[in-house]
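The file upload_3.txt comes next; it holds compact mmCIF, C-alpha atoms.
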```txt
# COMPACT_ATOMS: atom_id res chain seq x y z
CA MET A 1 0.00 0.00 0.00
CA PRO A 2 1.50 3.41 -0.91
CA TYR A 3 2.58 5.48 2.05
CA ALA A 4 0.11 8.26 1.24
CA SER A 5 -2.84 5.97 1.91
CA LYS A 6 -1.71 4.97 5.42
CA PRO A 7 -3.01 6.65 8.57
CA ALA A 8 -0.54 8.47 10.82
CA ARG A 9 1.38 6.10 13.12
CA PRO A 10 3.11 8.09 15.87
CA ASP A 11 3.79 4.78 17.61
CA VAL A 12 6.20 3.98 14.76
CA SER A 13 7.85 7.40 14.82
CA PRO A 14 6.62 10.82 15.95
CA TRP A 15 8.05 12.22 12.72
CA HIS A 16 5.42 10.19 10.89
CA LEU A 17 2.84 12.77 12.03
CA LEU A 18 4.78 15.59 10.41
CA GLY A 19 5.27 13.63 7.20
CA VAL A 20 1.54 12.92 6.88
CA CYS A 21 0.73 16.60 7.38
CA ILE A 22 3.29 17.82 4.83
CA LEU A 23 1.92 15.32 2.34
CA HIS A 24 -1.66 16.41 3.12
CA TRP A 25 -0.89 20.08 2.56
CA ARG A 26 1.17 19.46 -0.59
CA ASP A 27 -1.01 16.89 -2.33
CA GLU A 28 -4.56 17.42 -1.10
CA VAL A 29 -4.65 21.13 -0.24
CA ARG A 30 -2.24 22.75 -2.71
CA HIS A 31 -2.12 20.01 -5.38
CA LEU A 32 1.64 20.34 -5.86
CA THR A 33 4.18 17.76 -6.94
CA GLN A 34 7.19 17.07 -4.75
CA ARG A 35 9.36 18.79 -7.35
CA GLU A 36 7.20 21.94 -7.28
CA LEU A 37 7.19 22.17 -3.49
CA ALA A 38 10.91 21.44 -3.20
CA LYS A 39 11.67 24.26 -5.65
CA ALA A 40 9.35 26.73 -3.89
CA ALA A 41 10.67 25.86 -0.41
CA LEU A 42 14.34 25.67 -1.48
CA VAL A 43 14.80 22.12 -0.21
CA ASP A 44 16.15 18.97 -1.80
CA GLN A 45 13.41 16.87 -3.45
CA GLY A 46 14.92 13.62 -2.19
CA GLU A 47 14.96 14.93 1.37
CA LEU A 48 11.36 16.13 1.01
CA SER A 49 10.37 12.62 -0.07
CA ARG A 50 12.06 11.17 3.02
CA TRP A 51 10.36 13.65 5.35
CA GLU A 52 6.93 12.85 3.91
CA ARG A 53 7.59 9.19 4.70
CA GLY A 54 8.51 9.97 8.31
CA LEU A 55 12.21 9.37 7.69
CA GLY A 56 14.78 11.85 8.90
CA ARG A 57 14.36 14.96 10.93
CA PRO A 58 13.91 18.19 8.93
CA HIS A 59 15.66 21.28 10.25
CA PRO A 60 13.36 24.05 11.57
CA ASP A 61 14.51 26.32 8.74
CA HIS A 62 13.46 23.72 6.17
CA ILE A 63 10.02 23.36 7.77
CA ARG A 64 9.67 27.13 7.87
CA GLY A 65 10.34 27.25 4.12
CA ILE A 66 7.84 24.42 3.48
CA ASP A 67 5.19 26.05 5.71
CA ASN A 68 5.61 29.37 3.89
CA ALA A 69 5.52 27.74 0.44
CA LEU A 70 2.32 25.88 1.33
CA GLY A 71 0.67 28.82 3.10
CA ALA A 72 0.06 26.63 6.16
CA GLY A 73 -0.01 29.60 8.51
CA GLY A 74 2.63 28.26 10.89
CA GLN A 75 0.82 24.98 11.60
CA LEU A 76 3.63 22.81 10.27
CA ILE A 77 6.19 24.87 12.21
CA ALA A 78 4.27 24.38 15.47
CA LEU A 79 3.80 20.68 14.81
CA ARG A 80 7.50 20.21 14.07
CA ALA A 81 8.42 21.83 17.41
CA LEU A 82 6.07 19.54 19.35
CA ILE A 83 7.30 16.44 17.54
CA ALA A 84 10.93 17.33 18.26
CA GLU A 85 9.99 17.55 21.95
CA ILE A 86 8.27 14.15 21.81
CA ASP A 87 11.28 12.64 20.05
CA GLU A 88 13.65 13.85 22.77
CA ILE A 89 11.33 12.51 25.49
CA ARG A 90 11.12 9.09 23.85
CA LYS A 91 14.89 8.89 23.44
CA SER A 92 15.50 9.70 27.10
CA ARG A 93 12.73 7.42 28.42
CA LYS A 94 13.85 4.05 29.77
CA ASP A 95 11.84 1.03 28.63
CA THR A 96 11.08 0.02 32.20
CA ASN A 97 9.60 3.35 33.19
CA PRO A 98 6.03 4.35 32.32
CA PRO A 99 5.60 7.75 30.66
CA SER A 100 5.08 10.65 33.04
CA ARG A 101 1.99 12.80 33.05
CA ASN A 102 3.94 15.68 31.46
CA GLU A 103 5.26 13.42 28.72
CA ASP A 104 1.77 12.19 27.90
CA ASP A 105 0.59 15.79 27.76
CA VAL A 106 3.20 16.68 25.15
CA GLU A 107 2.11 13.78 22.94
CA ARG A 108 -1.56 14.70 23.26
CA ARG A 109 -0.78 18.30 22.31
CA ALA A 110 1.03 17.06 19.21
CA PHE A 111 -1.91 14.91 18.21
CA LEU A 112 -4.31 17.83 18.68
CA GLN A 113 -2.07 19.92 16.43
CA PHE A 114 -2.05 17.09 13.88
CA LEU A 115 -5.87 17.01 13.84
CA THR A 116 -5.99 20.78 13.43
CA VAL A 117 -3.74 20.57 10.38
CA LEU A 118 -5.82 17.82 8.77
CA GLY A 119 -9.09 19.47 9.76
CA ALA A 120 -8.24 22.76 8.02
CA GLY A 121 -9.93 24.82 10.72
CA SER A 122 -13.01 22.65 11.23
CA GLY A 123 -12.65 22.75 15.03
CA ILE A 124 -11.79 20.28 17.76
CA SER A 125 -13.04 16.80 16.95
CA ALA A 126 -14.51 14.09 19.16
CA SER A 127 -11.35 12.04 18.67
CA ALA A 128 -9.28 14.98 19.92
CA VAL A 129 -11.38 14.99 23.09
CA ASP A 130 -10.55 11.28 23.51
CA ALA A 131 -6.88 12.19 23.15
CA LEU A 132 -7.24 14.76 25.91
CA HIS A 133 -8.65 12.07 28.21
CA SER A 134 -6.04 9.46 27.37
CA GLY A 135 -4.22 10.03 30.68
CA LEU A 136 -7.21 8.73 32.62
CA ARG A 137 -5.55 5.39 33.38
CA GLN A 138 -2.75 7.07 35.34
CA LEU A 139 -5.15 9.22 37.34
CA THR A 140 -7.80 6.63 38.22
CA GLY A 141 -6.44 3.22 37.32
CA HIS A 142 -9.26 2.79 34.78
CA ALA A 143 -8.70 2.59 31.06
CA ALA A 144 -10.06 5.24 28.75
CA ASP A 145 -9.62 2.96 25.73
CA ASN A 146 -12.67 2.03 23.69
CA SER A 147 -13.82 -1.59 23.82
CA ALA A 148 -14.93 -3.44 20.68
CA ASP A 149 -18.53 -2.65 21.66
CA ASP A 150 -17.63 1.03 22.06
CA TRP A 151 -16.15 1.08 18.57
CA GLU A 152 -19.30 -0.47 17.13
CA GLN A 153 -21.35 2.29 18.78
CA ILE A 154 -19.00 4.92 17.32
CA ALA A 155 -19.55 3.47 13.84
CA TRP A 156 -23.30 3.41 14.42
CA ASP A 157 -23.27 7.08 15.46
CA TYR A 158 -21.44 7.98 12.25
CA ALA A 159 -23.93 5.93 10.20
CA GLN A 160 -26.79 7.97 11.70
CA GLY A 161 -25.34 11.20 10.31
CA VAL A 162 -24.34 10.23 6.77
CA TRP A 163 -27.44 11.82 5.21
CA THR A 164 -28.33 14.38 7.88
CA GLU A 165 -25.07 16.12 8.86
CA PRO A 166 -23.42 18.77 6.64
CA PRO A 167 -21.43 17.14 3.81
CA GLY A 168 -17.71 17.06 4.49
CA SER A 169 -18.15 18.11 8.13
CA ARG A 170 -16.79 14.92 9.73
CA VAL A 171 -13.38 14.54 8.13
CA THR A 172 -11.43 15.56 11.23
CA ASP A 173 -13.50 13.38 13.57
CA LEU A 174 -13.13 10.39 11.29
CA ALA A 175 -9.39 10.91 10.75
CA GLY A 176 -8.83 10.97 14.51
CA ASP A 177 -10.99 7.95 15.21
CA ILE A 178 -9.35 5.94 12.43
CA ARG A 179 -5.95 6.82 13.89
CA ASP A 180 -7.05 5.57 17.31
CA LEU A 181 -8.66 2.46 15.83
CA ASP A 182 -5.48 1.68 13.90
CA GLN A 183 -3.58 1.67 17.19
CA ALA A 184 -6.28 -0.46 18.85
CA LEU A 185 -5.91 -3.04 16.08
CA SER A 186 -2.17 -3.29 16.79
CA ARG A 187 -2.78 -4.45 20.38
CA PRO A 188 -3.47 -8.10 21.34
CA ARG A 189 -7.15 -9.02 20.83
CA THR A 190 -9.31 -12.09 20.62
CA SER A 191 -10.11 -13.15 17.07
CA ALA A 192 -13.73 -12.01 17.53
CA GLU A 193 -12.66 -8.57 18.81
CA HIS A 194 -10.15 -8.23 15.98
CA ALA A 195 -12.85 -8.98 13.39
CA THR A 196 -15.18 -6.43 15.02
CA LEU A 197 -12.52 -3.73 14.90
CA LEU A 198 -11.82 -4.51 11.24
CA ARG A 199 -15.52 -4.14 10.48
CA VAL A 200 -15.58 -0.78 12.24
CA TYR A 201 -12.42 0.29 10.41
CA ALA A 202 -14.04 -0.50 7.05
CA GLN A 203 -17.12 1.53 7.98
CA LEU A 204 -15.18 4.56 9.21
CA ALA A 205 -12.91 4.50 6.16
CA ALA A 206 -15.98 4.42 3.89
CA PHE A 207 -17.63 7.31 5.74
CA LEU A 208 -14.36 9.24 5.46
CA ALA A 209 -14.23 8.57 1.71
CA LEU A 210 -17.78 9.90 1.31
CA ASP A 211 -16.87 13.12 3.13
CA LEU A 212 -13.51 13.59 1.42
CA ALA A 213 -15.20 13.82 -1.98
CA GLU A 214 -17.33 16.66 -0.60
CA VAL A 215 -14.29 18.73 0.43
CA SER A 216 -12.39 18.53 -2.87
CA SER A 217 -10.22 15.56 -1.85
CA ILE A 218 -11.28 12.99 -4.43
CA ARG A 219 -7.88 11.32 -4.68
CA ALA A 220 -7.70 10.98 -0.91
CA GLY A 221 -11.21 9.55 -1.02
CA TRP A 222 -10.14 6.86 -3.46
CA ARG A 223 -7.37 5.83 -1.08
CA SER A 224 -9.84 5.68 1.78
CA TRP A 225 -12.18 3.47 -0.27
CA ARG A 226 -9.26 1.16 -0.95
CA ALA A 227 -8.56 0.90 2.78
CA ALA A 228 -12.26 0.29 3.46
CA ARG A 229 -12.32 -2.60 0.97
CA ALA A 230 -9.17 -4.13 2.46
CA ALA A 231 -10.52 -3.95 6.02
CA ALA A 232 -13.93 -5.31 5.02
CA ASP A 233 -12.32 -8.23 3.18
CA ALA A 234 -10.06 -9.00 6.14
CA SER A 235 -13.05 -8.96 8.52
CA GLY A 236 -14.75 -11.81 6.63
CA ASP A 237 -18.13 -10.02 6.82
CA ARG A 238 -19.79 -10.71 3.46
CA ASP A 239 -22.53 -8.09 3.76
CA LEU A 240 -19.99 -5.43 4.66
CA ARG A 241 -17.78 -6.36 1.70
CA VAL A 242 -20.81 -5.91 -0.56
CA TRP A 243 -21.80 -2.65 1.13
CA VAL A 244 -18.37 -1.02 0.78
CA ARG A 245 -18.07 -1.84 -2.92
CA SER A 246 -21.60 -0.75 -3.75
CA PHE A 247 -21.27 2.59 -1.96
CA GLU A 248 -17.91 3.25 -3.61
CA ALA A 249 -19.49 2.54 -7.00
CA ASP A 250 -22.37 4.87 -6.18
CA GLN A 251 -19.97 7.71 -5.40
CA TRP A 252 -18.01 7.13 -8.62
CA PHE A 253 -21.29 7.34 -10.56
CA TYR A 254 -22.06 10.78 -9.15
CA LEU A 255 -18.46 11.86 -9.80
CA ARG A 256 -19.01 10.91 -13.49
CA ARG A 257 -16.43 8.12 -13.36
CA VAL A 258 -18.61 5.68 -15.23
CA GLY A 259 -16.16 3.19 -16.67
CA PRO A 260 -14.67 -0.30 -16.29
CA ALA A 261 -13.52 0.26 -12.69
CA LEU A 262 -17.07 1.09 -11.62
CA ASP A 263 -18.42 -1.94 -13.50
CA THR A 264 -15.89 -4.13 -11.69
CA LEU A 265 -17.00 -2.83 -8.28
CA LEU A 266 -20.65 -3.53 -9.10
CA ASP A 267 -19.87 -7.00 -10.46
CA GLU A 268 -17.85 -7.84 -7.34
CA ALA A 269 -20.64 -6.61 -5.07
CA VAL A 270 -23.31 -8.66 -6.82
CA GLN A 271 -21.13 -11.77 -6.98
CA LEU A 272 -20.18 -11.50 -3.30
CA ALA A 273 -23.84 -11.10 -2.31
CA ASP A 274 -24.74 -14.27 -4.21
CA GLY A 275 -28.44 -13.41 -4.01
CA HIS A 276 -28.44 -12.78 -0.25
CA PRO A 277 -30.59 -9.66 0.40
CA SER A 278 -28.66 -6.83 2.07
CA ARG A 279 -28.28 -3.08 2.13
CA GLY A 280 -25.22 -3.38 -0.08
CA LEU A 281 -26.93 -5.49 -2.73
CA THR A 282 -29.79 -3.00 -3.05
CA GLN A 283 -27.25 -0.19 -3.50
CA ALA A 284 -25.34 -2.18 -6.13
CA LEU A 285 -28.51 -2.87 -8.16
CA ARG A 286 -29.65 0.71 -7.76
CA THR A 287 -26.34 2.07 -9.05
CA ARG A 288 -26.28 -0.50 -11.87
CA GLY A 289 -29.72 0.71 -12.99
CA LEU A 290 -28.48 4.30 -13.05
CA VAL A 291 -25.31 3.40 -14.96
CA LEU A 292 -27.29 1.48 -17.58
CA ALA A 293 -29.66 4.44 -17.97
CA GLU A 294 -26.63 6.69 -18.39
CA ARG A 295 -25.57 4.48 -21.28
CA GLY A 296 -29.04 4.56 -22.83
CA GLN A 297 -29.68 0.85 -22.19
CA ALA A 298 -33.31 1.29 -21.15
CA ASN A 299 -34.37 -2.36 -21.05
CA LEU A 300 -31.35 -3.44 -18.99
CA SER A 301 -31.86 -0.51 -16.63
CA ARG A 302 -35.49 -1.48 -16.05
CA SER A 303 -34.41 -5.08 -15.45
CA ALA A 304 -31.90 -3.94 -12.81
CA PHE A 305 -34.61 -1.98 -11.01
CA GLN A 306 -36.93 -4.99 -11.11
CA ASP A 307 -34.17 -7.08 -9.52
CA LEU A 308 -33.76 -4.31 -6.94
CA LYS A 309 -37.45 -4.41 -6.03
CA ASP A 310 -37.29 -8.20 -5.66
CA VAL A 311 -34.36 -7.88 -3.23
CA TYR A 312 -36.13 -5.10 -1.33
CA GLU A 313 -39.13 -7.38 -0.71
CA ARG A 314 -36.81 -9.87 1.01
CA LEU A 315 -35.09 -7.41 3.33
CA PRO A 316 -35.89 -7.55 7.06
CA SER A 317 -38.11 -4.83 8.51
CA SER A 318 -35.19 -3.55 10.60
CA VAL A 319 -33.57 -2.47 7.32
CA THR A 320 -36.63 -1.25 5.40
CA GLY A 321 -37.88 0.65 8.46
CA ASP A 322 -34.64 2.61 8.89
CA HIS A 323 -35.12 5.85 6.94
CA ILE A 324 -32.19 7.78 8.44
CA SER A 325 -28.95 5.81 8.77
CA ALA A 326 -26.60 4.44 6.16
CA TRP A 327 -27.78 0.92 7.05
CA GLY A 328 -31.43 1.42 6.08
CA VAL A 329 -33.18 1.01 2.73
CA SER A 330 -36.41 2.93 2.29
CA LEU A 331 -38.85 2.55 -0.56
CA GLY A 332 -38.33 6.25 -1.20
CA SER A 333 -34.63 5.69 -1.94
CA ILE A 334 -35.58 3.12 -4.59
CA GLN A 335 -38.21 5.45 -6.08
CA TYR A 336 -35.63 8.24 -6.19
CA ALA A 337 -33.14 6.16 -8.17
CA GLU A 338 -35.75 4.76 -10.57
CA ALA A 339 -37.20 8.23 -11.15
CA LEU A 340 -33.71 9.56 -11.86
CA SER A 341 -33.07 6.80 -14.38
CA LEU A 342 -36.44 7.32 -16.08
CA THR A 343 -35.88 11.07 -16.34
CA LYS A 344 -32.43 10.41 -17.77
CA LEU A 345 -34.00 8.10 -20.35
CA GLY A 346 -36.56 10.77 -21.31
CA ASP A 347 -39.63 9.37 -19.54
CA ALA A 348 -40.16 12.18 -17.02
CA ARG A 349 -43.91 11.64 -17.00
CA ALA A 350 -43.52 8.13 -15.55
CA ALA A 351 -41.01 9.45 -13.00
CA MET A 352 -43.24 12.18 -11.52
CA PRO A 353 -45.57 9.94 -9.41
CA MET A 354 -42.53 8.14 -7.95
CA LEU A 355 -41.00 11.46 -6.92
CA ASP A 356 -44.24 12.59 -5.26
CA GLN A 357 -44.44 9.34 -3.28
CA ALA A 358 -40.78 9.50 -2.27
CA LEU A 359 -41.08 13.11 -1.08
CA ALA A 360 -44.10 12.19 1.03
CA ALA A 361 -42.06 9.49 2.78
CA VAL A 362 -38.66 11.18 3.25
CA PRO A 363 -38.26 12.59 6.79
CA PRO A 364 -37.58 16.33 7.16
CA GLU A 365 -34.14 15.60 8.67
CA LYS A 366 -32.94 14.42 5.27
CA ALA A 367 -33.01 17.90 3.75
CA GLY A 368 -30.37 16.96 1.19
CA GLY A 369 -32.34 13.94 -0.01
CA ARG A 370 -35.47 16.05 -0.36
CA ALA A 371 -33.52 18.61 -2.38
CA ASN A 372 -32.25 15.90 -4.73
CA LEU A 373 -35.81 14.69 -5.30
CA GLY A 374 -36.86 18.28 -5.98
CA LEU A 375 -34.05 18.68 -8.51
CA ILE A 376 -35.24 15.63 -10.42
CA GLN A 377 -38.75 17.11 -10.41
CA ALA A 378 -37.33 20.33 -11.85
CA TRP A 379 -35.47 18.37 -14.52
CA GLY A 380 -38.69 16.53 -15.36
CA LEU A 381 -40.57 19.80 -15.76
CA ILE A 382 -37.93 20.99 -18.22
CA ARG A 383 -38.19 17.69 -20.08
CA GLU A 384 -41.95 18.33 -20.31
CA HIS A 385 -41.26 21.84 -21.74
CA GLU A 386 -42.12 23.71 -18.52
CA VAL A 387 -38.75 25.46 -18.57
CA THR A 388 -39.50 28.54 -16.46
CA GLU A 389 -41.29 26.54 -13.78
CA GLY A 390 -38.52 23.94 -13.77
CA LEU A 391 -35.73 26.50 -13.32
CA ASP A 392 -37.61 28.32 -10.57
CA HIS A 393 -38.17 25.02 -8.75
CA ALA A 394 -34.50 24.05 -9.13
CA LEU A 395 -33.37 27.34 -7.58
CA ASP A 396 -35.94 27.06 -4.81
CA VAL A 397 -34.88 23.59 -3.63
CA THR A 398 -31.11 24.12 -3.83
CA SER A 399 -30.38 27.75 -2.92
CA ALA A 400 -30.31 27.15 0.86
CA LEU A 401 -28.17 23.97 0.79
CA PRO A 402 -24.55 23.12 -0.03
CA ILE A 403 -23.98 21.73 -3.51
CA THR A 404 -22.94 18.15 -2.90
CA VAL A 405 -21.41 15.74 -5.37
CA ALA A 406 -24.83 14.18 -6.06
CA ARG A 407 -26.64 17.51 -6.43
CA ARG A 408 -23.96 18.83 -8.76
CA ARG A 409 -24.36 15.73 -10.93
CA ILE A 410 -28.16 16.04 -11.18
CA ALA A 411 -27.93 19.80 -11.70
CA GLY A 412 -25.46 19.27 -14.53
CA GLU A 413 -27.93 16.96 -16.27
CA LEU A 414 -30.69 19.52 -15.80
CA LEU A 415 -28.62 22.32 -17.30
CA ALA A 416 -27.57 20.15 -20.23
CA SER A 417 -31.25 19.44 -21.02
CA LEU A 418 -32.15 23.14 -21.34
CA PRO A 419 -33.14 24.27 -24.83
CA GLN A 420 -30.49 26.51 -26.34
CA GLN A 421 -32.69 29.59 -26.23
CA ALA A 422 -33.39 29.07 -22.50
CA ARG A 423 -29.77 29.04 -21.41
CA SER A 424 -29.53 32.83 -21.39
CA LEU A 425 -32.51 33.25 -19.05
CA PRO A 426 -31.63 34.97 -15.73
CA ALA A 427 -32.84 31.92 -13.77
CA ALA A 428 -30.65 29.63 -15.89
CA ARG A 429 -27.61 31.84 -15.34
CA ASP A 430 -28.28 32.04 -11.59
CA PHE A 431 -28.69 28.27 -11.30
CA HIS A 432 -25.53 27.63 -13.31
CA ALA A 433 -23.54 29.97 -11.04
CA LEU A 434 -24.94 28.28 -7.95
CA VAL A 435 -24.13 24.70 -8.87
CA THR A 436 -20.72 25.29 -10.48
CA ALA A 437 -19.24 27.10 -7.48
CA GLU A 438 -16.58 25.25 -5.44
CA ARG A 439 -16.32 22.34 -7.83
CA PRO A 440 -14.27 19.42 -6.37
CA ALA A 441 -10.77 19.02 -7.78
```

So, in terms of structure tokens, how does the structure I just supplied come out?
Amino acid sequence: MPYASKPARPDVSPWHLLGVCILHWRDEVRHLTQRELAKAALVDQGELSRWERGLGRPHPDHIRGIDNALGAGGQLIALRALIAEIDEIRKSRKDTNPPSRNEDDVERRAFLQFLTVLGAGSGISASAVDALHSGLRQLTGHAADNSADDWEQIAWDYAQGVWTEPPGSRVTDLAGDIRDLDQALSRPRTSAEHATLLRVYAQLAAFLALDLAEVSSIRAGWRSWRAARAAADASGDRDLRVWVRSFEADQWFYLRRVGPALDTLLDEAVQLADGHPSRGLTQALRTRGLVLAERGQANLSRSAFQDLKDVYERLPSSVTGDHISAWGVSLGSIQYAEALSLTKLGDARAAMPMLDQALAAVPPEKAGGRANLGLIQAWGLIREHEVTEGLDHALDVTSALPITVARRRIAGELLASLPQQARSLPAARDFHALVTAERPA
């Protein structure tokens, strides 16, 4: 696995933290090559490569040049100073002596700084709060570590917010929790506990991938999906392996990456499911129906949606009754996807009743899902030659919400369907400006 895809491992070396943060700023924030950054910061490219891999100890002047070149506002300088302090403490610590309270405090401060760098100003995360409390064992004799059951609850909490919390808002929380979970996996566990932690790791990595795409970090998201697949496979949980692949494929569809790699993910998901009804299988069939509609294969798309409905009928009520979390499958979500495919294929009239039914069933908390349904309605109105009404409706349902990957995709289809003479209308120009702002890299 390439170094860039690995989580920070301060247990291996405290300089690993600094390397991850330099790489994050260079690759994901500023989109620079190593050669470009080395030239701007007046450092050797080979040395820069070593520092990004946690090897070697960059001089403060070198980090100052890198921080200035990246516009990191002194964050890398501060992190380097804390890491140097940690390194000296670790070198002077004898193996037989437990770390002192002051030493632990230095390491926690470094980790908080690390989260701040990765979070790009998004505030203190829940995982940072855990780091603050990590000295609890010394004070009380009780561990502050999460048990396997605690980790499952953490994953469940994240699943509850996938569709209801602001897109891209959980990157820092997830990065911190994945770092802690990675360390938990390195400690001795029973085989059952190890499998549980791997399942949680796969879920958190998938949730992180979903959010990374919303904050212009698509390449980082791909790496997180890869980690999610690896963890799910290692856990041996078939349904989770299906779920990870199907959700990754769904995101690639909305990012317009409709090609052989997406087909492979869908094929793997369906083959792994082997007919067993699950949340993942419904997502795979749903995305397959959309992809086939994208390619104009109407009959195959309809067949995929019929297969989807057959699987839905066999799902347990605990899944079909969950309308909020990432583990539920509502009838409205199926109606949304089928209506989108029908509108794409030019049959907006057949899609309209499905959209009305889905909107009636979607809870108010899923404001983003309701907006997506409204956008498809607007697209359908334009398809039915109600251009002014369609544009007004599109502006109405999207103006108060962030433009997510999915909404940008649907909005792009809507704009492409406008008659040539309608594209100069004020509403068309306003909608175009709204949905093309802050496009992911």

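Once A:Leu290 and its same-chain neighbours fewer than 4 positions away are set aside, Arg286, Glu294, Ser301, Ala337, Glu338, Leu340 and Ser341 of chain A remain within 8 Å of it when counting only C-alpha atoms.
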
Taking 2 positions as the minimum chain separation for residues in the same chain, which residues sit within 7 Å of stretch 350-355 of chain A when counting all atoms listed in the file? Answer as a PyMOL selection string.
chain A and resi 335-336+339+342-343+347-348+357-359+373+377

Which residue out of A:Arg26, A:Arg50, A:Arg226, A:Arg238 has the minimum interatomic distance to A:Leu76 when all atoms listed in the file are used?
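Using all atoms listed in the file, the shortest distance to A:Leu76 belongs to A:Arg26.
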
Surrounding residues of A:Ser278 excluding itself and chain neighbours under 5 positions, 8 Å, all atoms listed in the file, as a PyMOL selection string:
chain A and resi 239+273+311+315

Just the residues within 7 Å of stretch 201-215 of chain A, please, counting all atoms listed in the file, with nothing from its chain fewer than 3 positions along; format it as JSON, numbers by chain.
{"A": [155, 167, 168, 170, 171, 174, 178, 181, 197, 198, 218, 220, 221, 222, 224, 225, 227, 228, 229, 231, 232, 244, 404, 405, 440]}

Let me have the centre and edge lengths in Å, one decimal, of the box along x, y and z around every listed atom of stretch 247-255 of chain A with 8 Å of margin on each side, as JSON.
```
{"center_x": -20.1, "center_y": 7.2, "center_z": -6.3, "size_x": 20.5, "size_y": 25.3, "size_z": 24.6}
```
